[in-house]
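Visitor: Here you go, this is structure_38.cif (mmCIF, C-alpha atoms and all ligand atoms).
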```
data_final
loop_
_atom_site.label_atom_id
_atom_site.label_comp_id
_atom_site.auth_asym_id
_atom_site.auth_seq_id
_atom_site.Cartn_x
_atom_site.Cartn_y
_atom_site.Cartn_z
CA MET W 1381 0.00 0.00 0.00
CA LYS W 1382 1.20 3.47 -0.91
CA ILE W 1383 1.32 6.15 1.76
CA LEU W 1384 -0.19 9.39 0.46
CA ILE W 1385 1.34 12.57 1.80
CA GLU W 1386 -0.55 15.82 2.24
CA LYS W 1387 1.80 18.48 3.60
CA THR W 1388 0.67 21.32 5.83
CA GLU W 1389 0.57 24.84 4.49
CA ARG W 1390 1.04 26.25 7.96
CA SER W 1391 4.17 24.74 9.48
CA ARG W 1392 4.79 25.82 13.05
CA GLU W 1393 7.98 26.68 14.92
CA MET W 1394 9.41 24.14 17.32
CA PRO W 1395 9.44 25.66 20.85
CA PRO W 1396 12.84 26.29 22.49
CA ILE W 1397 14.42 23.08 23.78
CA ALA W 1398 14.26 24.25 27.41
CA GLU W 1399 10.47 24.44 27.17
CA LEU W 1400 9.85 21.07 25.52
CA GLY W 1401 9.18 18.94 28.60
CA PHE W 1402 7.47 15.66 27.72
CA GLY W 1403 4.51 15.20 25.39
CA LYS W 1404 3.40 18.84 25.36
CA TYR W 1405 4.08 19.81 21.76
CA PHE W 1406 3.39 17.93 18.54
CA SER W 1407 5.02 18.07 15.14
CA ASP W 1408 3.36 19.31 11.94
CA HIS W 1409 2.14 15.98 10.57
CA MET W 1410 0.63 12.66 11.60
CA PHE W 1411 0.07 9.27 10.03
CA LEU W 1412 -3.42 7.79 9.70
CA MET W 1413 -4.79 4.47 8.47
CA ASP W 1414 -8.30 3.06 8.77
CA TYR W 1415 -9.87 -0.38 9.01
CA ILE W 1416 -13.38 -1.42 8.12
CA GLY W 1417 -14.95 -4.87 8.10
CA GLU W 1418 -14.46 -6.66 4.78
CA GLU W 1419 -12.16 -4.04 3.27
CA GLY W 1420 -9.48 -4.44 5.93
CA TRP W 1421 -6.78 -1.84 6.48
CA HIS W 1422 -6.84 0.93 3.89
CA SER W 1423 -5.85 4.53 3.06
CA PRO W 1424 -2.50 4.90 4.83
CA ARG W 1425 -1.71 8.62 4.68
CA ILE W 1426 0.25 11.45 6.21
CA VAL W 1427 -1.75 14.61 6.84
CA PRO W 1428 -1.34 17.87 8.78
CA PHE W 1429 -1.63 17.39 12.57
CA GLN W 1430 -5.25 18.18 13.42
CA PRO W 1431 -8.11 17.14 15.73
CA PHE W 1432 -10.28 14.10 14.94
CA SER W 1433 -14.02 14.30 14.89
CA PHE W 1434 -15.76 11.19 16.25
CA ASP W 1435 -19.27 10.14 16.97
CA PRO W 1436 -20.00 10.08 20.73
CA SER W 1437 -20.93 6.41 20.33
CA SER W 1438 -17.43 5.43 19.12
CA LEU W 1439 -16.61 2.15 20.83
CA VAL W 1440 -13.22 3.28 22.16
CA LEU W 1441 -14.82 6.06 24.19
CA HIS W 1442 -16.90 3.55 26.15
CA TYR W 1443 -15.00 0.28 26.40
CA GLY W 1444 -11.38 1.28 25.90
CA GLN W 1445 -10.41 -1.00 23.01
CA SER W 1446 -7.20 0.87 22.41
CA ILE W 1447 -3.46 0.22 22.27
CA PHE W 1448 -0.33 2.33 21.88
CA GLU W 1449 3.45 2.29 21.61
CA GLY W 1450 6.17 4.70 22.62
CA LEU W 1451 9.61 4.98 21.03
CA LYS W 1452 12.09 7.69 20.22
CA ALA W 1453 14.06 9.08 17.27
CA TYR W 1454 17.46 10.62 17.99
CA ARG W 1455 19.34 13.19 15.95
CA TRP W 1456 23.02 12.35 15.63
CA LYS W 1457 25.90 14.79 15.23
CA ASP W 1458 25.98 14.01 11.47
CA GLY W 1459 22.36 15.19 11.20
CA SER W 1460 20.95 11.71 10.61
CA ILE W 1461 17.82 10.57 12.44
CA ASN W 1462 18.00 7.21 14.16
CA LEU W 1463 15.53 4.84 15.78
CA PHE W 1464 16.26 2.51 18.69
CA ARG W 1465 14.98 -1.08 18.32
CA VAL W 1466 12.05 0.08 16.21
CA MET W 1467 10.99 -3.43 15.15
CA ASP W 1468 10.79 -4.53 18.81
CA HIS W 1469 8.23 -1.77 19.30
CA VAL W 1470 6.31 -2.66 16.13
CA ASP W 1471 6.24 -6.33 17.18
CA ARG W 1472 4.91 -5.40 20.61
CA PHE W 1473 2.26 -3.19 18.95
CA VAL W 1474 1.13 -6.32 17.06
CA ARG W 1475 1.08 -8.39 20.28
CA SER W 1476 -0.96 -5.71 22.08
CA ALA W 1477 -3.42 -5.70 19.15
CA GLU W 1478 -3.76 -9.48 19.39
CA ARG W 1479 -4.56 -9.25 23.14
CA LEU W 1480 -7.24 -6.60 22.52
CA VAL W 1481 -8.81 -8.52 19.56
CA ILE W 1482 -7.77 -5.78 17.13
CA PRO W 1483 -7.23 -7.01 13.54
CA GLU W 1484 -3.65 -7.66 12.51
CA PHE W 1485 -1.74 -5.15 10.42
CA ASP W 1486 1.38 -5.25 8.27
CA ARG W 1487 4.51 -4.64 10.38
CA GLU W 1488 6.52 -3.41 7.40
CA LEU W 1489 3.81 -0.88 6.59
CA VAL W 1490 3.97 0.50 10.15
CA LEU W 1491 7.77 0.70 9.91
CA ASN W 1492 7.45 2.51 6.59
CA ALA W 1493 4.83 4.85 8.10
CA ILE W 1494 7.23 5.78 10.92
CA HIS W 1495 10.07 6.33 8.44
CA THR W 1496 7.96 8.43 6.09
CA LEU W 1497 6.45 10.53 8.90
CA LEU W 1498 9.90 11.22 10.39
CA ASP W 1499 11.29 12.09 6.99
CA VAL W 1500 8.49 14.62 6.42
CA ASP W 1501 8.93 16.10 9.93
CA ARG W 1502 12.74 15.90 10.06
CA ARG W 1503 13.11 19.39 11.48
CA TRP W 1504 11.04 18.39 14.53
CA VAL W 1505 13.77 16.09 15.83
CA PRO W 1506 15.61 18.29 18.36
CA ASP W 1507 19.39 18.14 18.25
CA GLU W 1508 20.69 18.31 21.81
CA GLU W 1509 21.77 15.18 23.63
CA GLY W 1510 19.02 14.14 26.02
CA THR W 1511 16.32 15.35 23.67
CA ALA W 1512 14.48 13.25 21.09
CA LEU W 1513 11.35 13.03 18.98
CA TYR W 1514 8.95 10.79 20.88
CA ILE W 1515 6.82 8.65 18.56
CA ARG W 1516 3.36 7.54 19.68
CA PRO W 1517 1.68 4.92 17.44
CA THR W 1518 -1.91 4.42 18.63
CA LEU W 1519 -4.82 2.26 17.50
CA ILE W 1520 -8.45 2.77 18.56
CA ALA W 1521 -11.88 1.22 17.95
CA THR W 1522 -14.02 3.66 15.95
CA GLU W 1523 -17.26 1.83 15.19
CA ASN W 1524 -20.35 3.77 16.26
CA MET W 1525 -22.46 1.59 18.49
CA LEU W 1526 -22.94 0.62 22.09
CA GLY W 1527 -22.18 -2.98 22.87
CA VAL W 1528 -19.28 -4.83 24.45
CA ARG W 1529 -17.71 -6.63 21.51
CA PRO W 1530 -14.71 -6.11 19.24
CA SER W 1531 -15.17 -3.16 16.91
CA ASN W 1532 -15.61 -3.60 13.17
CA GLU W 1533 -13.81 -0.33 12.47
CA TYR W 1534 -10.48 1.05 13.66
CA ARG W 1535 -8.12 3.95 13.20
CA MET W 1536 -4.37 3.70 13.56
CA PHE W 1537 -2.54 6.97 14.01
CA ILE W 1538 1.02 8.01 14.72
CA ILE W 1539 1.81 11.38 16.27
CA THR W 1540 5.23 12.66 17.30
CA SER W 1541 6.34 15.02 20.05
CA PRO W 1542 9.73 16.69 20.54
CA VAL W 1543 10.81 16.00 24.13
CA GLY W 1544 13.40 17.11 26.64
CA ALA W 1545 14.12 15.27 29.89
CA TYR W 1546 11.31 13.08 31.20
CA TYR W 1547 11.12 13.96 34.87
CA ALA W 1548 10.76 17.58 35.91
CA CYS W 1549 13.52 16.94 38.47
CA GLY W 1550 15.93 15.80 35.72
CA MET W 1551 18.00 12.76 36.62
CA ALA W 1552 17.46 13.10 40.39
CA PRO W 1553 16.75 9.78 42.14
CA THR W 1554 13.04 9.10 42.37
CA ARG W 1555 10.94 8.38 45.44
CA ILE W 1556 8.73 5.34 44.87
CA LEU W 1557 5.87 4.17 47.09
CA VAL W 1558 5.32 0.41 47.43
CA GLU W 1559 1.61 -0.03 46.64
CA GLU W 1560 -0.16 -2.45 48.97
CA LYS W 1561 -3.79 -1.48 48.47
CA TYR W 1562 -4.38 -1.08 44.75
CA SER W 1563 -3.30 -3.52 42.01
CA ARG W 1564 -2.28 -2.93 38.43
CA VAL W 1565 -3.51 -6.12 36.74
CA PRO W 1566 -4.16 -9.68 37.86
CA GLU W 1567 -2.70 -12.80 36.25
CA GLY W 1568 -4.52 -13.43 32.98
CA GLY W 1569 -5.25 -9.70 32.62
CA THR W 1570 -3.94 -7.19 30.13
CA GLY W 1571 -0.65 -6.41 31.90
CA GLY W 1572 1.50 -7.48 28.97
CA ALA W 1573 -0.28 -5.15 26.53
CA LYS W 1574 0.18 -1.40 26.18
CA THR W 1575 -3.53 -0.72 26.42
CA ALA W 1576 -5.26 2.43 27.69
CA GLY W 1577 -7.24 0.76 30.48
CA ASN W 1578 -4.10 -0.29 32.36
CA TYR W 1579 -3.16 3.35 32.81
CA ALA W 1580 -6.65 4.55 33.71
CA ALA W 1581 -6.69 1.87 36.40
CA SER W 1582 -3.36 3.11 37.80
CA LEU W 1583 -4.24 6.79 38.26
CA LYS W 1584 -5.80 6.56 41.70
CA ALA W 1585 -2.75 4.86 43.21
CA SER W 1586 -0.28 7.33 41.70
CA ALA W 1587 -2.42 10.30 42.75
CA GLU W 1588 -2.35 9.07 46.35
CA ALA W 1589 1.39 8.39 46.15
CA LYS W 1590 1.99 11.92 44.84
CA ARG W 1591 -0.01 13.39 47.71
CA LEU W 1592 2.37 11.58 50.08
CA GLY W 1593 5.39 13.07 48.31
CA TYR W 1594 6.37 10.14 46.06
CA ASN W 1595 6.90 10.25 42.29
CA GLN W 1596 5.31 6.91 41.43
CA VAL W 1597 4.21 3.56 42.84
CA LEU W 1598 5.89 0.16 42.77
CA TRP W 1599 3.21 -2.39 41.93
CA LEU W 1600 3.06 -5.71 43.74
CA ASP W 1601 1.27 -8.81 42.44
CA ALA W 1602 -2.53 -8.51 42.53
CA LYS W 1603 -3.11 -11.73 44.47
CA GLU W 1604 -0.89 -11.51 47.54
CA HIS W 1605 0.68 -8.05 47.33
CA ARG W 1606 4.10 -9.54 47.98
CA PHE W 1607 5.87 -10.03 44.66
CA ILE W 1608 7.31 -7.03 42.86
CA GLU W 1609 5.91 -6.28 39.41
CA GLU W 1610 6.96 -2.93 37.92
CA VAL W 1611 6.77 0.86 38.32
CA GLY W 1612 4.19 3.11 36.54
CA THR W 1613 5.62 2.97 33.02
CA MET W 1614 8.92 1.31 33.81
CA ASN W 1615 10.25 -2.16 34.45
CA VAL W 1616 12.23 -2.49 37.66
CA PHE W 1617 15.68 -3.83 38.53
CA PHE W 1618 17.55 -4.39 41.79
CA VAL W 1619 21.21 -5.09 42.45
CA ILE W 1620 21.65 -7.25 45.55
CA ASP W 1621 25.16 -8.30 46.46
CA GLY W 1622 26.32 -7.80 42.86
CA VAL W 1623 23.46 -9.79 41.30
CA LEU W 1624 21.07 -8.04 38.88
CA ILE W 1625 17.50 -9.09 39.70
CA THR W 1626 14.31 -8.30 37.77
CA PRO W 1627 10.81 -9.84 37.88
CA PRO W 1628 10.12 -12.33 35.06
CA LEU W 1629 7.68 -11.69 32.19
CA GLY W 1630 4.50 -13.65 32.59
CA GLY W 1631 1.67 -11.52 31.31
CA THR W 1632 1.29 -9.18 34.28
CA ILE W 1633 4.13 -6.81 33.38
CA LEU W 1634 5.19 -5.19 30.15
CA ASP W 1635 7.96 -6.73 28.03
CA GLY W 1636 9.97 -3.50 27.98
CA VAL W 1637 12.42 -2.85 25.15
CA THR W 1638 14.70 -1.01 27.58
CA ARG W 1639 14.41 -3.99 29.96
CA ARG W 1640 15.59 -6.28 27.15
CA SER W 1641 18.50 -3.95 26.42
CA VAL W 1642 19.57 -3.90 30.08
CA LEU W 1643 19.48 -7.71 30.24
CA GLU W 1644 21.41 -8.10 26.97
CA LEU W 1645 24.11 -5.67 28.08
CA ALA W 1646 24.37 -7.35 31.49
CA ARG W 1647 24.86 -10.68 29.70
CA ASP W 1648 27.63 -9.12 27.54
CA TRP W 1649 29.35 -7.75 30.61
CA GLY W 1650 29.23 -11.04 32.52
CA VAL W 1651 26.97 -9.66 35.25
CA GLU W 1652 25.08 -12.36 37.14
CA ILE W 1653 21.37 -12.05 36.22
CA GLN W 1654 18.32 -13.45 37.96
CA GLU W 1655 14.95 -13.09 36.23
CA ARG W 1656 12.79 -14.32 39.06
CA ARG W 1657 9.95 -13.45 41.37
CA ILE W 1658 11.14 -11.34 44.26
CA THR W 1659 9.15 -10.17 47.27
CA ILE W 1660 9.23 -6.73 48.84
CA ASP W 1661 10.22 -8.47 52.10
CA GLU W 1662 13.36 -9.78 50.42
CA ILE W 1663 14.24 -6.25 49.31
CA ALA W 1664 13.72 -4.92 52.84
CA GLU W 1665 15.84 -7.75 54.31
CA ALA W 1666 18.61 -7.13 51.78
CA HIS W 1667 18.53 -3.48 52.76
CA ILE W 1668 18.87 -4.30 56.47
CA ALA W 1669 21.75 -6.68 55.67
CA GLY W 1670 23.45 -3.88 53.73
CA GLU W 1671 23.26 -5.87 50.47
CA LEU W 1672 20.75 -3.76 48.54
CA GLN W 1673 23.12 -1.79 46.31
CA GLU W 1674 20.89 -0.39 43.58
CA ALA W 1675 17.32 -0.03 42.40
CA PHE W 1676 16.26 1.49 39.08
CA GLY W 1677 13.48 1.63 36.54
CA SER W 1678 13.84 1.14 32.78
CA GLY W 1679 11.63 2.60 30.05
CA THR W 1680 11.87 4.51 26.78
CA ALA W 1681 10.78 7.83 28.27
CA ALA W 1682 13.31 8.09 31.12
CA VAL W 1683 15.75 5.39 29.84
CA ILE W 1684 17.19 4.35 33.22
CA SER W 1685 15.87 6.06 36.30
CA GLN W 1686 17.51 5.71 39.68
CA ILE W 1687 15.23 4.82 42.57
CA GLY W 1688 16.58 6.63 45.63
CA MET W 1689 13.88 5.67 48.07
CA LEU W 1690 11.20 3.01 48.50
CA GLY W 1691 8.36 3.97 50.84
CA TRP W 1692 6.97 0.84 52.51
CA ARG W 1693 4.66 0.55 55.51
CA GLY W 1694 5.31 4.07 56.71
CA LYS W 1695 9.11 3.83 56.46
CA ASP W 1696 11.49 4.88 53.74
CA ILE W 1697 14.08 2.43 52.49
CA GLU W 1698 16.94 4.62 51.31
CA ILE W 1699 19.14 3.25 48.55
CA ASN W 1700 22.54 4.89 48.21
CA GLU W 1701 24.19 3.52 45.11
CA ARG W 1702 27.94 3.68 44.63
CA PRO W 1703 29.49 6.04 42.06
CA ASP W 1704 30.48 3.05 39.86
CA SER W 1705 26.93 1.68 39.79
CA LEU W 1706 25.65 -0.73 37.17
CA ARG W 1707 22.73 1.65 36.70
CA GLN W 1708 25.08 4.42 35.61
CA ARG W 1709 26.86 2.01 33.25
CA PHE W 1710 23.57 0.91 31.64
CA TYR W 1711 22.51 4.52 31.27
CA GLU W 1712 25.80 5.57 29.62
CA GLU W 1713 25.86 2.56 27.30
CA ILE W 1714 22.23 2.75 26.16
CA THR W 1715 22.17 6.52 25.64
CA GLY W 1716 25.63 6.31 24.03
CA ILE W 1717 24.29 3.82 21.47
CA GLN W 1718 21.10 5.86 20.95
CA TYR W 1719 23.04 9.07 20.20
CA GLY W 1720 25.72 7.34 18.11
CA ARG W 1721 28.60 7.93 20.56
CA ILE W 1722 29.09 4.24 21.31
CA GLU W 1723 29.36 1.47 18.73
CA ASP W 1724 26.09 -0.42 18.26
CA ARG W 1725 27.25 -4.03 18.41
CA HIS W 1726 23.71 -5.43 18.66
CA GLY W 1727 22.20 -3.83 15.56
CA TRP W 1728 19.70 -1.90 17.70
CA VAL W 1729 19.88 1.37 15.81
CA THR W 1730 18.49 2.02 12.31
CA THR W 1731 18.67 5.24 10.34
CA VAL W 1732 15.53 6.85 8.93
CA PRO W 1733 15.97 6.76 5.15
CA ASN W 1734 16.11 10.07 3.34
CA ALA W 1735 13.43 9.76 0.69
CA GLN W 1736 14.44 13.07 -0.98
CA ALA W 1737 12.54 12.53 -4.21
CA TYR W 1738 8.82 12.85 -3.68
CA THR W 1739 6.59 12.74 -6.72
CA SER W 1740 4.29 15.70 -6.56
CA SER W 1741 0.87 16.26 -8.07
CA ASN W 1742 -1.86 18.66 -6.90
CA GLY W 1743 -0.01 19.38 -3.69
CA HIS W 1744 -0.18 15.68 -2.82
CA HIS W 1745 2.96 13.62 -2.58
CA THR W 1746 3.57 9.93 -2.69
CA ALA W 1747 6.34 8.31 -0.73
CA VAL W 1748 8.94 6.67 -2.94
CA PRO W 1749 9.61 3.01 -2.24
CA ASP W 1750 11.75 2.68 0.81
CA GLU W 1751 14.78 0.58 -0.02
CA THR W 1752 14.80 -0.96 3.46
CA THR W 1753 11.29 -2.35 3.12
CA GLY W 1754 10.14 -1.97 -0.48
CA THR W 1755 6.56 -1.50 0.67
CA ALA W 1756 5.92 2.21 0.19
C1 LIG W 1801 5.99 1.28 28.12
C2 LIG W 1801 6.06 0.60 29.45
C3 LIG W 1801 7.26 0.10 29.99
C4 LIG W 1801 8.61 0.32 29.34
O1 LIG W 1801 8.74 -0.26 28.11
P1 LIG W 1801 9.89 0.25 27.11
O2 LIG W 1801 9.68 -0.60 25.91
O3 LIG W 1801 11.19 0.01 27.79
O4 LIG W 1801 9.62 1.69 26.88
C5 LIG W 1801 7.19 -0.61 31.17
N1 LIG W 1801 6.03 -0.78 31.83
C6 LIG W 1801 4.87 -0.28 31.36
C7 LIG W 1801 3.62 -0.53 32.11
C8 LIG W 1801 4.85 0.43 30.16
O5 LIG W 1801 3.70 0.94 29.72
#
```
Would it be possible to restate this file's structure as structure tokens?
Ligand SMILES: *Cc1c(COP(=O)(O)O)cnc(C)c1O
Guide:
Amino acid sequence: MKILIEKTERSREMPPIAELGFGKYFSDHMFLMDYIGEEGWHSPRIVPFQPFSFDPSSLVLHYGQSIFEGLKAYRWKDGSINLFRVMDHVDRFVRSAERLVIPEFDRELVLNAIHTLLDVDRRWVPDEEGTALYIRPTLIATENMLGVRPSNEYRMFIITSPVGAYYACGMAPTRILVEEKYSRVPEGGTGGAKTAGNYAASLKASAEAKRLGYNQVLWLDAKEHRFIEEVGTMNVFFVIDGVLITPPLGGTILDGVTRRSVLELARDWGVEIQERRITIDEIAEAHIAGELQEAFGSGTAAVISQIGMLGWRGKDIEINERPDSLRQRFYEEITGIQYGRIEDRHGWVTTVPNAQAYTSSNGHHTAVPDETTGTA
């Protein structure tokens, strides 16, 4: 399928880098594609960024059949624009769709859509280290009717947002509250999918944590509230007596791309890894024994985020990592690869092709075939 391109006649200025924050501003264009019953996916196109108009009975507004992804594009010193593990994100988008009974789509087409959109909005990729263009592929149920069943119509869209540092407090260690009352998702639930409902369900807990002076919550398993799951939008790691420990995948937590990268680097470096269930009691005991050396979260938005404090049962467990922490090493290595400063030995980074020649007619443009995919 060809991606039609309709360029805006009113391009906007990108705000100063210091004002970017996270997810506040959006670039000039977006990608759209629609699905309807027998026809399947059709009309992939890039259009000026603009509001949607939907019927109030749209299924997504009532029952939340909706999925998304989040990845970043980085501008290198040579001006090129580079994506980090883009196919891992596209594959997870497909797995989330499967879990939410959303019809399958062509992975290569989504990759080509991301490439074409970024090529059109090249100037929206900020060029200071630490900044990036955040890419948000989203897919929602758009059929107009009330009834709890999979929609017959969908819209996929991709918007992009130039971003600075994720947390307002920069790279300062975060304060995380261990959540013992609310749960994220039970076993057999939608925890492994990036679906809207998971986040709606988490808001109450994080609002209460914020009122108590914490940045986020650490979720425990929904059944016993003992086993550690993950943080808001990050997977979680601990270093106890030199061993890197992280909860296993199993459907209740997200299969994070940053989590994978941390584990693969740890393997390269010969760090002892344990992917296993770990209780909050074990963390507290390790802390008392002086063996809890590090705690950090991993996710695309903040990359690697140091956890400085875990609030649990009215007490704060303080974690003072050493200057030569593994966390710091993961952060330097991953961001180094993302910004092209460190050699990418894993083939994680791909460059957005420069399509240069667009064929133009009536102000509409058609993307030329992309030599990396051949599916334009
Ligand atoms: C997106 C997300 C993560 C992090 O995944 P990355 O692929 O590393 O960005 C972790 N947990 C949840 C719940 C998420 O939504």
Visitor: Collect all residues with atoms no farther than 6 Å from ligand LIG 1801 (chain W), counting only C-alpha atoms and all ligand atoms, and output them as a PyMOL selection string.
Guide: chain W and resi 1574+1612-1615+1634+1636-1639+1678-1680
Visitor: Applying 10 Å and all atoms listed in the file, which residues near segment 1502-1510 of chain W remain after dropping the ones on its own chain fewer than 3 positions away? List them as an MDAnalysis selection string.
Guide: chainID W and resid 1392:1397 1400 1406:1408 1452:1457 1459:1462 1496:1499 1513:1514 1540:1546 1682 1715:1716 1718:1719 1732 1734
Visitor: Near segment 1521-1527 of chain W, within 8 Å and counting all atoms listed in the file, which residues show up once chain neighbours fewer than 4 positions away are dropped, as a list of chain:residue names?
Guide: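 Answer for this query is W:Phe1434, W:Asp1435, W:Pro1436, W:Ser1437, W:Ser1438, W:Leu1439, W:Val1440, W:His1442, W:Gly1444, W:Gln1445, W:Ser1446, W:Ser1531, W:Asn1532, W:Glu1533, W:Tyr1534, W:Arg1535.
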Visitor: Could those selected residues go to a file with C-alpha atoms, as a PDB file, in the coordinates of the input?
Guide:
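So the final result, stored in result_9.pdb, reads:
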```
ATOM      1  CA  PHE W1434     -15.760  11.190  16.250  1.00  0.00           C
ATOM      2  CA  ASP W1435     -19.270  10.140  16.970  1.00  0.00           C
ATOM      3  CA  PRO W1436     -20.000  10.080  20.730  1.00  0.00           C
ATOM      4  CA  SER W1437     -20.930   6.410  20.330  1.00  0.00           C
ATOM      5  CA  SER W1438     -17.430   5.430  19.120  1.00  0.00           C
ATOM      6  CA  LEU W1439     -16.610   2.150  20.830  1.00  0.00           C
ATOM      7  CA  VAL W1440     -13.220   3.280  22.160  1.00  0.00           C
ATOM      8  CA  HIS W1442     -16.900   3.550  26.150  1.00  0.00           C
ATOM      9  CA  GLY W1444     -11.380   1.280  25.900  1.00  0.00           C
ATOM     10  CA  GLN W1445     -10.410  -1.000  23.010  1.00  0.00           C
ATOM     11  CA  SER W1446      -7.200   0.870  22.410  1.00  0.00           C
ATOM     12  CA  SER W1531     -15.170  -3.160  16.910  1.00  0.00           C
ATOM     13  CA  ASN W1532     -15.610  -3.600  13.170  1.00  0.00           C
ATOM     14  CA  GLU W1533     -13.810  -0.330  12.470  1.00  0.00           C
ATOM     15  CA  TYR W1534     -10.480   1.050  13.660  1.00  0.00           C
ATOM     16  CA  ARG W1535      -8.120   3.950  13.200  1.00  0.00           C
TER      17      ARG W1535
END
```
Visitor: Please determine, counting all atoms listed in the file, which residue among W:Leu1592, W:Leu1384, W:Val1565, W:Ile1482 has the shortest atom-to-atom distance to Gly1630 of chain W.
Guide: W:Val1565
Visitor: In Å, rounded to a single decimal, give me how far atom CA of Arg1555 of chain W is from atom CA of Ile1687 of chain W.
Guide: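 It comes out at 6.3 Å.
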Visitor: May I ask for the distance between atom CA of Lys1603 of chain W and atom CA of Thr1570 of chain W, given in Å to one decimal place?
Guide: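 Between atom CA of Lys1603 of chain W and atom CA of Thr1570 of chain W the gap works out to 15.1 Å.
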Visitor: Can you measure atom CA of Ile1426 of chain W to atom CA of Leu1519 of chain W for me? One decimal in Å is fine.
Guide: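 Atom-to-atom, atom CA of Ile1426 of chain W and atom CA of Leu1519 of chain W are spaced 15.4 Å apart.
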Visitor: Using only C-alpha atoms, which of the listed residues (W:Glu1559, W:Glu1609, W:Glu1644, W:Asp1414) sits closest to Leu1690 of chain W?
Guide: W:Glu1559
Visitor: Nearest to Pro1553 of chain W: which of W:Ala1589, W:Ile1416, W:Leu1583, W:Met1689 is it, counting only C-alpha atoms?
Guide: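 Answer, going by the shortest atom-to-atom distance: W:Met1689.
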Visitor: Counting all atoms listed in the file, which residue out of W:His1726, W:Gln1596, W:Met1467, W:Ala1675 sits closest to Arg1702 of chain W?
Guide: W:Ala1675
Visitor: Which residues, written as a PyMOL selection string, have at least one atom at most 10 Å from segment 1669-1671 of chain W, with all atoms listed in the file counted and residues fewer than 2 positions away on the same chain left out?
Guide: chain W and resi 1619-1623+1663-1667+1673-1674+1699
Visitor: Hey, which of W:Glu1698, W:Glu1567, W:Asp1724, W:Glu1712 ends up closest to Thr1554 of chain W? Count only C-alpha atoms.
Guide: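 Closest to Thr1554 of chain W, using only C-alpha atoms: W:Glu1698.
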Visitor: Could you pull the residues within 10 Å of Asp1601 of chain W, counting all atoms listed in the file, minus those fewer than 5 positions along the same chain, as a PyMOL selection string?
Guide: chain W and resi 1559-1560+1562-1567+1606-1610+1632-1633+1657+1659
Visitor: Restricting the calculation to all atoms listed in the file: of W:Arg1529, W:Arg1721, W:Arg1707, W:Arg1693, which residue gets closest to Val1616 of chain W?
Guide: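 Answer, going by the shortest atom-to-atom distance: W:Arg1707.
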Visitor: Using only the atoms of segment 1466-1482 of chain W listed in the file, plus 3 Å on each side, state the axis-aligned box centre and edge lengths in Å rounded to one decimal, as lines of an AutoDock Vina configuration file.
Guide:
```
center_x = 1.6
center_y = -4.7
center_z = 19.1
size_x = 26.9
size_y = 15.6
size_z = 14.0
```
